Amino acid sequence: MALKSALNAEMKRLKGDAKALEKKRSELTADIDKKIAENARKQEMLQDFMDATFGAKPKLSTTRGKAPSGTRRKRKNRKGVKQRVLNAINASTAGIKRKAIIEEIGMASSDESGHQYVSNTLRALLDEGQIENRGRVYFPKSSSETGEASPSSVADQTTESSLTTPASDSPDDEPRSGSSGFGSGSLH
């Protein structure tokens, strides 16, 4: 019985030591992370000062896209890329390939995640029905296929429909009172 209680006491002591060491590791890690963040902030401030004083120079990455250990890599702002991709496709009458779209929107050739973002955007635009593709060439979706129409064609359709609309538009084919079909009613 004495042996069992001694072993239990030793187990309890070891568990307490493990907790203390874990707490110490957490404190040290937090302290190191804080120092790394402070160092990065000082480097940014110094770089900003140097850029303002001596002119901005292109930043060269020595890690080639890898984040320094202990910190998170910042995501690039992709805001507006979808609209720029759509504009590039709409501007091309003969169709445009993905590589040409990337060049058209001014994306760096080394931006691999940006290229993937463009591919994902193209897929989303295809799924939404805003564009179409034939092989690897992307085309703007024709307005007759998407149901979308330009403002001038909407006006033309309204005028045309008011001239050609039959007297009875109701689902039950019952004539409405005061409707001659020649623009003498409200437009739908």
# chains A, B, ... in the order shown; residues from 1 in each chain; ligands from 1
>>> residues_around(residues="stretch 102-104 of chain A", least_positions_apart="2", cutoff="10 Å", atoms="only C-alpha atoms", output="JSON list (two decimals) with N, CA, C and O atoms, in the first residue's frame")
[["chain", "number", "residue", "atom", "x", "y", "z"],
["A", 81, "VAL", "N", -11.22, 42.15, -59.02],
["A", 81, "VAL", "CA", -10.65, 41.29, -60.07],
["A", 81, "VAL", "C", -11.75, 40.70, -60.92],
["A", 81, "VAL", "O", -11.64, 40.64, -62.15],
["A", 84, "ARG", "N", -12.86, 43.20, -63.42],
["A", 84, "ARG", "CA", -11.83, 43.45, -64.43],
["A", 84, "ARG", "C", -11.74, 42.28, -65.40],
["A", 84, "ARG", "O", -11.54, 42.48, -66.60],
["A", 85, "VAL", "N", -11.90, 41.06, -64.90],
["A", 85, "VAL", "CA", -11.90, 39.88, -65.78],
["A", 85, "VAL", "C", -13.08, 39.96, -66.73],
["A", 85, "VAL", "O", -12.95, 39.76, -67.95],
["A", 87, "ASN", "N", -14.71, 42.62, -67.68],
["A", 87, "ASN", "CA", -14.48, 43.71, -68.62],
["A", 87, "ASN", "C", -13.53, 43.30, -69.74],
["A", 87, "ASN", "O", -13.73, 43.65, -70.90],
["A", 88, "ALA", "N", -12.47, 42.56, -69.39],
["A", 88, "ALA", "CA", -11.51, 42.10, -70.40],
["A", 88, "ALA", "C", -12.18, 41.17, -71.39],
["A", 88, "ALA", "O", -11.93, 41.23, -72.60],
["A", 89, "ILE", "N", -13.06, 40.30, -70.90],
["A", 89, "ILE", "CA", -13.76, 39.37, -71.79],
["A", 89, "ILE", "C", -14.75, 40.12, -72.67],
["A", 89, "ILE", "O", -14.83, 39.88, -73.88],
["A", 96, "ILE", "N", -11.01, 35.56, -75.79],
["A", 96, "ILE", "CA", -9.75, 35.81, -75.13],
["A", 96, "ILE", "C", -9.39, 34.60, -74.26],
["A", 96, "ILE", "O", -10.27, 33.99, -73.66],
["A", 97, "LYS", "N", -8.11, 34.27, -74.25],
["A", 97, "LYS", "CA", -7.65, 33.14, -73.44],
["A", 97, "LYS", "C", -7.30, 33.62, -72.04],
["A", 97, "LYS", "O", -7.11, 34.82, -71.80],
["A", 98, "ARG", "N", -7.20, 32.67, -71.12],
["A", 98, "ARG", "CA", -6.92, 32.97, -69.71],
["A", 98, "ARG", "C", -5.61, 33.75, -69.55],
["A", 98, "ARG", "O", -5.55, 34.73, -68.82],
["A", 99, "LYS", "N", -4.57, 33.35, -70.26],
["A", 99, "LYS", "CA", -3.28, 34.03, -70.14],
["A", 99, "LYS", "C", -3.40, 35.49, -70.59],
["A", 99, "LYS", "O", -2.83, 36.39, -69.96],
["A", 100, "ALA", "N", -4.14, 35.73, -71.65],
["A", 100, "ALA", "CA", -4.33, 37.10, -72.13],
["A", 100, "ALA", "C", -5.15, 37.92, -71.13],
["A", 100, "ALA", "O", -4.91, 39.12, -70.96],
["A", 106, "GLY", "N", -3.29, 43.08, -65.76],
["A", 106, "GLY", "CA", -2.04, 43.56, -65.17],
["A", 106, "GLY", "C", -1.55, 42.75, -63.99],
["A", 106, "GLY", "O", -0.87, 43.28, -63.12],
["A", 107, "MET", "N", -1.87, 41.47, -63.96],
["A", 107, "MET", "CA", -1.42, 40.63, -62.86],
["A", 107, "MET", "C", 0.01, 40.16, -63.13],
["A", 107, "MET", "O", 0.35, 39.84, -64.26],
["A", 108, "ALA", "N", 0.82, 40.12, -62.11],
["A", 108, "ALA", "CA", 2.21, 39.70, -62.24],
["A", 108, "ALA", "C", 2.27, 38.23, -62.65],
["A", 108, "ALA", "O", 1.48, 37.42, -62.20],
["A", 109, "SER", "N", 3.25, 37.90, -63.47],
["A", 109, "SER", "CA", 3.37, 36.52, -63.93],
["A", 109, "SER", "C", 3.82, 35.59, -62.79],
["A", 109, "SER", "O", 3.62, 34.39, -62.85],
["A", 114, "GLY", "N", -2.71, 34.39, -57.59],
["A", 114, "GLY", "CA", -3.55, 35.29, -58.38],
["A", 114, "GLY", "C", -4.05, 34.61, -59.64],
["A", 114, "GLY", "O", -5.21, 34.79, -60.04],
["A", 115, "HIS", "N", -3.19, 33.81, -60.27],
["A", 115, "HIS", "CA", -3.60, 33.08, -61.47],
["A", 115, "HIS", "C", -4.69, 32.08, -61.11],
["A", 115, "HIS", "O", -5.66, 31.92, -61.87],
["A", 118, "VAL", "N", -7.91, 33.95, -60.75],
["A", 118, "VAL", "CA", -8.52, 34.26, -62.05],
["A", 118, "VAL", "C", -9.25, 33.02, -62.58],
["A", 118, "VAL", "O", -10.37, 33.11, -63.09],
["A", 119, "SER", "N", -8.62, 31.85, -62.47],
["A", 119, "SER", "CA", -9.26, 30.62, -62.92],
["A", 119, "SER", "C", -10.57, 30.37, -62.16],
["A", 119, "SER", "O", -11.58, 30.01, -62.76]]
>>> atom_distance(atom1="atom CA of A:Lys34", atom2="atom CA of A:Ala18")
24.1 Å
>>> closest_residue(among="A:Asn90, A:Leu122, A:Glu44, A:Gln83", to="A:Ser142", atoms="only C-alpha atoms")
A:Asn90
>>> residues_around(residues="A:Val137", least_positions_apart="2", cutoff="7 Å", atoms="only C-alpha atoms", output="ChimeraX atom specification")
/A:95-97,133-135,139
>>> atom_distance(atom1="atom CA of A:Ala91", atom2="atom CA of A:Tyr138")
11.2 Å
